[in-house]
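Next comes data.tsv, a file with TSV, N, CA and C atoms.
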chain	number	residue	atom	x	y	z
A	20	MET	N	-66.17	133.01	-40.96
A	20	MET	CA	-65.95	132.85	-39.55
A	20	MET	C	-67.19	132.22	-38.92
A	21	SER	N	-66.99	131.41	-37.91
A	21	SER	CA	-68.08	130.70	-37.27
A	21	SER	C	-68.93	131.65	-36.43
A	22	THR	N	-70.24	131.45	-36.49
A	22	THR	CA	-71.14	132.28	-35.69
A	22	THR	C	-71.53	131.58	-34.40
A	23	THR	N	-71.00	130.36	-34.19
A	23	THR	CA	-71.29	129.60	-32.98
A	23	THR	C	-70.53	130.21	-31.81
A	24	ASN	N	-71.24	130.43	-30.69
A	24	ASN	CA	-70.58	130.96	-29.50
A	24	ASN	C	-69.88	129.84	-28.77
A	25	TYR	N	-68.66	130.13	-28.32
A	25	TYR	CA	-67.88	129.14	-27.59
A	25	TYR	C	-68.12	129.34	-26.10
A	26	ASP	N	-68.44	128.28	-25.40
A	26	ASP	CA	-68.67	128.34	-23.96
A	26	ASP	C	-67.72	127.34	-23.31
A	27	SER	N	-66.70	127.84	-22.62
A	27	SER	CA	-65.70	126.96	-22.03
A	27	SER	C	-66.29	126.06	-20.94
A	28	ARG	N	-67.41	126.45	-20.38
A	28	ARG	CA	-68.03	125.62	-19.34
A	28	ARG	C	-68.60	124.33	-19.91
A	29	THR	N	-68.99	124.35	-21.18
A	29	THR	CA	-69.58	123.15	-21.79
A	29	THR	C	-68.61	122.47	-22.76
A	30	ALA	N	-67.41	123.01	-22.91
A	30	ALA	CA	-66.42	122.44	-23.83
A	30	ALA	C	-65.94	121.09	-23.30
A	31	ASP	N	-65.54	120.24	-24.22
A	31	ASP	CA	-64.99	118.94	-23.86
A	31	ASP	C	-63.72	119.16	-23.04
A	32	LYS	N	-63.57	118.41	-21.95
A	32	LYS	CA	-62.42	118.56	-21.08
A	32	LYS	C	-61.66	117.24	-21.00
A	33	PHE	N	-60.35	117.36	-20.83
A	33	PHE	CA	-59.47	116.20	-20.79
A	33	PHE	C	-58.33	116.50	-19.83
A	34	VAL	N	-58.16	115.69	-18.80
A	34	VAL	CA	-57.09	115.90	-17.83
A	34	VAL	C	-55.81	115.29	-18.38
A	35	VAL	N	-54.74	116.08	-18.32
A	35	VAL	CA	-53.45	115.63	-18.86
A	35	VAL	C	-52.41	115.69	-17.75
A	36	ARG	N	-51.65	114.61	-17.60
A	36	ARG	CA	-50.54	114.60	-16.65
A	36	ARG	C	-49.30	115.04	-17.42
A	37	LEU	N	-48.68	116.12	-16.97
A	37	LEU	CA	-47.53	116.69	-17.64
A	37	LEU	C	-46.24	116.30	-16.92
A	38	PRO	N	-45.20	116.03	-17.66
A	38	PRO	CA	-43.90	115.76	-17.02
A	38	PRO	C	-43.39	117.03	-16.33
A	39	ASP	N	-42.52	116.84	-15.35
A	39	ASP	CA	-41.96	117.98	-14.63
A	39	ASP	C	-41.40	119.01	-15.59
A	40	GLY	N	-41.76	120.25	-15.38
A	40	GLY	CA	-41.22	121.35	-16.16
A	40	GLY	C	-42.05	121.73	-17.38
A	41	LEU	N	-42.88	120.84	-17.88
A	41	LEU	CA	-43.63	121.15	-19.09
A	41	LEU	C	-44.68	122.23	-18.84
A	42	ARG	N	-45.32	122.19	-17.67
A	42	ARG	CA	-46.32	123.21	-17.35
A	42	ARG	C	-45.67	124.59	-17.35
A	43	ALA	N	-44.48	124.69	-16.77
A	43	ALA	CA	-43.76	125.97	-16.75
A	43	ALA	C	-43.40	126.41	-18.16
A	44	ASP	N	-43.03	125.46	-19.02
A	44	ASP	CA	-42.72	125.79	-20.42
A	44	ASP	C	-43.96	126.32	-21.15
A	45	ILE	N	-45.09	125.68	-20.91
A	45	ILE	CA	-46.34	126.12	-21.54
A	45	ILE	C	-46.72	127.51	-21.02
A	46	GLU	N	-46.57	127.69	-19.72
A	46	GLU	CA	-46.89	128.99	-19.12
A	46	GLU	C	-46.00	130.09	-19.68
A	47	ALA	N	-44.71	129.81	-19.83
A	47	ALA	CA	-43.78	130.81	-20.38
A	47	ALA	C	-44.14	131.13	-21.83
A	48	ALA	N	-44.45	130.11	-22.62
A	48	ALA	CA	-44.84	130.35	-24.02
A	48	ALA	C	-46.11	131.17	-24.10
A	49	ALA	N	-47.06	130.87	-23.22
A	49	ALA	CA	-48.32	131.62	-23.20
A	49	ALA	C	-48.08	133.07	-22.82
A	50	ASN	N	-47.26	133.28	-21.81
A	50	ASN	CA	-46.97	134.66	-21.38
A	50	ASN	C	-46.26	135.44	-22.47
A	51	ASN	N	-45.31	134.79	-23.14
A	51	ASN	CA	-44.56	135.47	-24.21
A	51	ASN	C	-45.45	135.84	-25.39
A	52	ALA	N	-46.47	135.02	-25.65
A	52	ALA	CA	-47.37	135.27	-26.78
A	52	ALA	C	-48.64	135.99	-26.35
A	53	ASP	N	-48.73	136.35	-25.07
A	53	ASP	CA	-49.92	137.01	-24.53
A	53	ASP	C	-51.18	136.20	-24.86
A	54	ARG	N	-51.10	134.90	-24.57
A	54	ARG	CA	-52.20	133.98	-24.82
A	54	ARG	C	-52.43	133.13	-23.58
A	55	SER	N	-53.49	132.38	-23.58
A	55	SER	CA	-53.76	131.48	-22.46
A	55	SER	C	-52.93	130.21	-22.61
A	56	MET	N	-52.67	129.57	-21.48
A	56	MET	CA	-51.96	128.29	-21.51
A	56	MET	C	-52.75	127.27	-22.31
A	57	ASN	N	-54.07	127.31	-22.18
A	57	ASN	CA	-54.92	126.38	-22.91
A	57	ASN	C	-54.76	126.54	-24.41
A	58	SER	N	-54.75	127.78	-24.88
A	58	SER	CA	-54.64	127.99	-26.33
A	58	SER	C	-53.28	127.55	-26.85
A	59	VAL	N	-52.23	127.73	-26.06
A	59	VAL	CA	-50.89	127.27	-26.46
A	59	VAL	C	-50.87	125.75	-26.53
A	60	PHE	N	-51.46	125.09	-25.54
A	60	PHE	CA	-51.50	123.64	-25.50
A	60	PHE	C	-52.32	123.08	-26.67
A	61	VAL	N	-53.49	123.67	-26.92
A	61	VAL	CA	-54.35	123.20	-28.02
A	61	VAL	C	-53.65	123.39	-29.36
A	62	GLN	N	-52.99	124.53	-29.54
A	62	GLN	CA	-52.27	124.77	-30.79
A	62	GLN	C	-51.15	123.75	-30.98
A	63	ALA	N	-50.42	123.44	-29.90
A	63	ALA	CA	-49.33	122.46	-29.99
A	63	ALA	C	-49.86	121.08	-30.36
A	64	VAL	N	-50.97	120.68	-29.78
A	64	VAL	CA	-51.56	119.38	-30.10
A	64	VAL	C	-52.03	119.35	-31.55
A	65	ARG	N	-52.69	120.43	-31.98
A	65	ARG	CA	-53.15	120.49	-33.38
A	65	ARG	C	-51.98	120.42	-34.35
A	66	GLN	N	-50.91	121.16	-34.06
A	66	GLN	CA	-49.74	121.14	-34.94
A	66	GLN	C	-49.13	119.75	-34.99
A	67	TYR	N	-49.07	119.07	-33.85
A	67	TYR	CA	-48.53	117.71	-33.81
A	67	TYR	C	-49.39	116.77	-34.67
A	68	LEU	N	-50.69	116.82	-34.47
A	68	LEU	CA	-51.58	115.93	-35.22
A	68	LEU	C	-51.54	116.24	-36.72
A	69	ASP	N	-51.50	117.52	-37.08
A	69	ASP	CA	-51.39	117.89	-38.49
A	69	ASP	C	-50.08	117.36	-39.07
A	70	GLY	N	-49.01	117.47	-38.30
A	70	GLY	CA	-47.71	116.97	-38.75
A	70	GLY	C	-47.73	115.46	-38.95
A	71	GLN	N	-48.40	114.75	-38.04
A	71	GLN	CA	-48.52	113.30	-38.18
A	71	GLN	C	-49.30	112.94	-39.44
A	72	ASN	N	-50.37	113.68	-39.70
A	72	ASN	CA	-51.16	113.42	-40.91
A	72	ASN	C	-50.34	113.68	-42.17
A	73	ARG	N	-49.60	114.80	-42.19
A	73	ARG	CA	-48.76	115.11	-43.35
A	73	ARG	C	-47.68	114.05	-43.53
A	74	GLN	N	-47.09	113.62	-42.41
A	74	GLN	CA	-46.07	112.59	-42.47
A	74	GLN	C	-46.63	111.30	-43.06
A	75	GLN	N	-47.83	110.93	-42.63
A	75	GLN	CA	-48.43	109.70	-43.15
A	75	GLN	C	-48.70	109.80	-44.64
A	76	ILE	N	-49.17	110.96	-45.10
A	76	ILE	CA	-49.42	111.16	-46.53
A	76	ILE	C	-48.12	111.03	-47.32
A	77	LEU	N	-47.05	111.64	-46.82
A	77	LEU	CA	-45.76	111.56	-47.50
A	77	LEU	C	-45.21	110.14	-47.50
A	78	LEU	N	-45.35	109.46	-46.37
A	78	LEU	CA	-44.86	108.08	-46.30
A	78	LEU	C	-45.64	107.17	-47.23
A	79	ASP	N	-46.95	107.38	-47.32
A	79	ASP	CA	-47.76	106.59	-48.25
A	79	ASP	C	-47.34	106.84	-49.69
A	80	ALA	N	-47.08	108.11	-50.02
A	80	ALA	CA	-46.65	108.44	-51.37
A	80	ALA	C	-45.29	107.80	-51.67
A	81	LEU	N	-44.40	107.82	-50.68
A	81	LEU	CA	-43.10	107.19	-50.85
A	81	LEU	C	-43.24	105.68	-51.02
A	82	ALA	N	-44.12	105.07	-50.24
A	82	ALA	CA	-44.34	103.62	-50.35
A	82	ALA	C	-44.90	103.27	-51.72
A	83	ILE	N	-45.80	104.09	-52.24
A	83	ILE	CA	-46.36	103.85	-53.57
A	83	ILE	C	-45.27	103.96	-54.62
A	84	ALA	N	-44.44	105.01	-54.50
A	84	ALA	CA	-43.35	105.19	-55.46
A	84	ALA	C	-42.38	104.01	-55.39
A	85	ALA	N	-42.09	103.55	-54.18
A	85	ALA	CA	-41.18	102.42	-54.02
A	85	ALA	C	-41.78	101.15	-54.60
A	86	SER	N	-43.08	100.96	-54.40
A	86	SER	CA	-43.71	99.75	-54.93
A	86	SER	C	-43.76	99.78	-56.46
A	87	GLU	N	-43.92	100.97	-57.03
A	87	GLU	CA	-43.92	101.08	-58.49
A	87	GLU	C	-42.54	100.78	-59.05
A	88	THR	N	-41.52	101.14	-58.31
A	88	THR	CA	-40.14	100.93	-58.75
A	88	THR	C	-39.70	99.48	-58.57
A	89	THR	N	-40.10	98.89	-57.44
A	89	THR	CA	-39.60	97.56	-57.10
A	89	THR	C	-40.62	96.45	-57.31
A	90	GLY	N	-41.90	96.83	-57.43
A	90	GLY	CA	-42.95	95.82	-57.53
A	90	GLY	C	-43.34	95.25	-56.19
A	91	ILE	N	-42.78	95.80	-55.10
A	91	ILE	CA	-43.09	95.34	-53.75
A	91	ILE	C	-44.04	96.34	-53.12
A	92	SER	N	-45.25	95.90	-52.79
A	92	SER	CA	-46.25	96.79	-52.20
A	92	SER	C	-46.15	96.75	-50.69
A	93	VAL	N	-46.05	97.94	-50.09
A	93	VAL	CA	-46.00	98.04	-48.63
A	93	VAL	C	-47.01	99.06	-48.12
A	94	VAL	N	-48.02	99.36	-48.90
A	94	VAL	CA	-49.00	100.36	-48.51
A	94	VAL	C	-50.11	99.69	-47.70
A	95	SER	N	-50.28	100.17	-46.48
A	95	SER	CA	-51.35	99.69	-45.62
A	95	SER	C	-51.60	100.75	-44.56
A	96	GLU	N	-52.80	101.35	-44.59
A	96	GLU	CA	-53.10	102.41	-43.64
A	96	GLU	C	-53.20	101.87	-42.22
A	97	GLN	N	-53.42	100.58	-42.07
A	97	GLN	CA	-53.55	99.99	-40.74
A	97	GLN	C	-52.19	99.65	-40.13
A	98	MET	N	-51.14	99.76	-40.89
A	98	MET	CA	-49.83	99.32	-40.44
A	98	MET	C	-48.98	100.52	-40.03
A	99	HIS	N	-48.32	100.42	-38.90
A	99	HIS	CA	-47.42	101.48	-38.43
A	99	HIS	C	-46.24	101.58	-39.38
A	100	ILE	N	-45.69	102.76	-39.52
A	100	ILE	CA	-44.60	102.98	-40.48
A	100	ILE	C	-43.40	102.09	-40.18
A	101	ASP	N	-43.09	101.88	-38.89
A	101	ASP	CA	-41.95	101.02	-38.56
A	101	ASP	C	-42.16	99.60	-39.08
A	102	ASP	N	-43.40	99.12	-38.97
A	102	ASP	CA	-43.71	97.78	-39.47
A	102	ASP	C	-43.61	97.73	-40.99
A	103	ARG	N	-44.06	98.82	-41.66
A	103	ARG	CA	-43.96	98.86	-43.12
A	103	ARG	C	-42.51	98.86	-43.57
A	104	VAL	N	-41.66	99.61	-42.86
A	104	VAL	CA	-40.24	99.66	-43.22
A	104	VAL	C	-39.62	98.28	-43.06
A	105	ARG	N	-39.93	97.60	-41.94
A	105	ARG	CA	-39.40	96.24	-41.74
A	105	ARG	C	-39.90	95.30	-42.83
A	106	MET	N	-41.18	95.40	-43.16
A	106	MET	CA	-41.76	94.52	-44.17
A	106	MET	C	-41.12	94.80	-45.53
A	107	TYR	N	-40.95	96.07	-45.87
A	107	TYR	CA	-40.33	96.42	-47.15
A	107	TYR	C	-38.91	95.88	-47.21
A	108	GLY	N	-38.18	96.08	-46.12
A	108	GLY	CA	-36.80	95.60	-46.07
A	108	GLY	C	-36.72	94.09	-46.22
A	109	GLN	N	-37.61	93.37	-45.55
A	109	GLN	CA	-37.60	91.91	-45.65
A	109	GLN	C	-38.00	91.45	-47.04
A	110	ARG	N	-39.01	92.10	-47.61
A	110	ARG	CA	-39.43	91.72	-48.98
A	110	ARG	C	-38.33	92.01	-49.98
A	111	ALA	N	-37.63	93.11	-49.79
A	111	ALA	CA	-36.53	93.45	-50.69
A	111	ALA	C	-35.42	92.40	-50.58
A	112	LEU	N	-35.13	91.97	-49.35
A	112	LEU	CA	-34.11	90.93	-49.16
A	112	LEU	C	-34.55	89.62	-49.79
A	113	ASP	N	-35.83	89.27	-49.62
A	113	ASP	CA	-36.36	88.04	-50.20
A	113	ASP	C	-36.28	88.10	-51.73
A	114	ALA	N	-36.66	89.25	-52.31
A	114	ALA	CA	-36.63	89.40	-53.76
A	114	ALA	C	-35.20	89.33	-54.27
A	115	GLU	N	-34.28	89.90	-53.51
A	115	GLU	CA	-32.87	89.88	-53.89
A	115	GLU	C	-32.34	88.44	-53.87
A	116	ALA	N	-32.75	87.66	-52.89
A	116	ALA	CA	-32.32	86.27	-52.77
A	116	ALA	C	-32.85	85.42	-53.92
A	117	GLU	N	-34.03	85.76	-54.42
A	117	GLU	CA	-34.66	84.99	-55.51
A	117	GLU	C	-34.09	85.37	-56.87
A	118	THR	N	-33.48	86.54	-56.98
A	118	THR	CA	-32.94	87.01	-58.26
A	118	THR	C	-31.59	86.37	-58.52
A	119	PRO	N	-31.46	85.68	-59.65
A	119	PRO	CA	-30.14	85.09	-59.95
A	119	PRO	C	-29.10	86.19	-60.18
A	120	GLU	N	-27.92	85.93	-59.68
A	120	GLU	CA	-26.86	86.92	-59.86
A	120	GLU	C	-26.49	86.97	-61.35
A	121	SER	N	-26.15	88.17	-61.77
A	121	SER	CA	-25.77	88.29	-63.18
A	121	SER	C	-24.40	87.66	-63.40
A	122	LEU	N	-24.23	87.08	-64.55
A	122	LEU	CA	-22.96	86.42	-64.86
A	122	LEU	C	-21.94	87.47	-65.25
A	123	PRO	N	-20.66	87.21	-64.87
A	123	PRO	CA	-19.60	88.18	-65.21
A	123	PRO	C	-19.32	88.24	-66.69

Starting from the file, give its structure as structure tokens.
Amino acid sequence: MSTTNYDSRTADKFVVRLPDGLRADIEAAANNADRSMNSVFVQAVRQYLDGQNRQQILLDALAIAASETTGISVVSEQMHIDDRVRMYGQRALDAEAETPESLP
């Protein structure tokens, strides 16, 4: 466990504009869990970011597996997943067009 004392007065602060109703949802979740609204919000953000990281790891693994199967590489950490999917789809179509059809 960390021996560093936490001081909320010196903690990094960030103003967030919430859509209508979200503040009430956070407040209700905090009250139900007997926690502060801040801790509920921070936990939600951490869970979201962790989920995004796990998703990226899984998508990269899937892209590697697909490239090993098809010979088409779509792995790029700088590229958004939607762009990779489009690129993979286009490369697959291009490869399909170049492959001669098998004779009956």

From atom C of Gln71 of chain A to atom C of Met106 of chain A the spacing works out at 20.8 Å

Near-segment 32-46 of chain A list (8 Å; all atoms listed in the file; drop same-chain fewer than 5 positions) as a PDB file with N, CA and C atoms, in the coordinates of the input:
ATOM      1  N   ASN A  51     -45.310 134.790 -23.140  1.00  0.00           N
ATOM      2  CA  ASN A  51     -44.560 135.470 -24.210  1.00  0.00           C
ATOM      3  C   ASN A  51     -45.450 135.840 -25.390  1.00  0.00           C
ATOM      4  N   ALA A  52     -46.470 135.020 -25.650  1.00  0.00           N
ATOM      5  CA  ALA A  52     -47.370 135.270 -26.780  1.00  0.00           C
ATOM      6  C   ALA A  52     -48.640 135.990 -26.350  1.00  0.00           C
ATOM      7  N   SER A  55     -53.490 132.380 -23.580  1.00  0.00           N
ATOM      8  CA  SER A  55     -53.760 131.480 -22.460  1.00  0.00           C
ATOM      9  C   SER A  55     -52.930 130.210 -22.610  1.00  0.00           C
ATOM     10  N   MET A  56     -52.670 129.570 -21.480  1.00  0.00           N
ATOM     11  CA  MET A  56     -51.960 128.290 -21.510  1.00  0.00           C
ATOM     12  C   MET A  56     -52.750 127.270 -22.310  1.00  0.00           C
ATOM     13  N   ASN A  57     -54.070 127.310 -22.180  1.00  0.00           N
ATOM     14  CA  ASN A  57     -54.920 126.380 -22.910  1.00  0.00           C
ATOM     15  C   ASN A  57     -54.760 126.540 -24.410  1.00  0.00           C
ATOM     16  N   VAL A  59     -52.230 127.730 -26.060  1.00  0.00           N
ATOM     17  CA  VAL A  59     -50.890 127.270 -26.460  1.00  0.00           C
ATOM     18  C   VAL A  59     -50.870 125.750 -26.530  1.00  0.00           C
ATOM     19  N   PHE A  60     -51.460 125.090 -25.540  1.00  0.00           N
ATOM     20  CA  PHE A  60     -51.500 123.640 -25.500  1.00  0.00           C
ATOM     21  C   PHE A  60     -52.320 123.080 -26.670  1.00  0.00           C
TER      22      PHE A  60
END

Report, in Å with one decimal, the straight-line distance from atom CA of Leu78 of chain A to atom CA of Asp101 of chain A.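 Here the two named atoms are 10.9 Å from each other.
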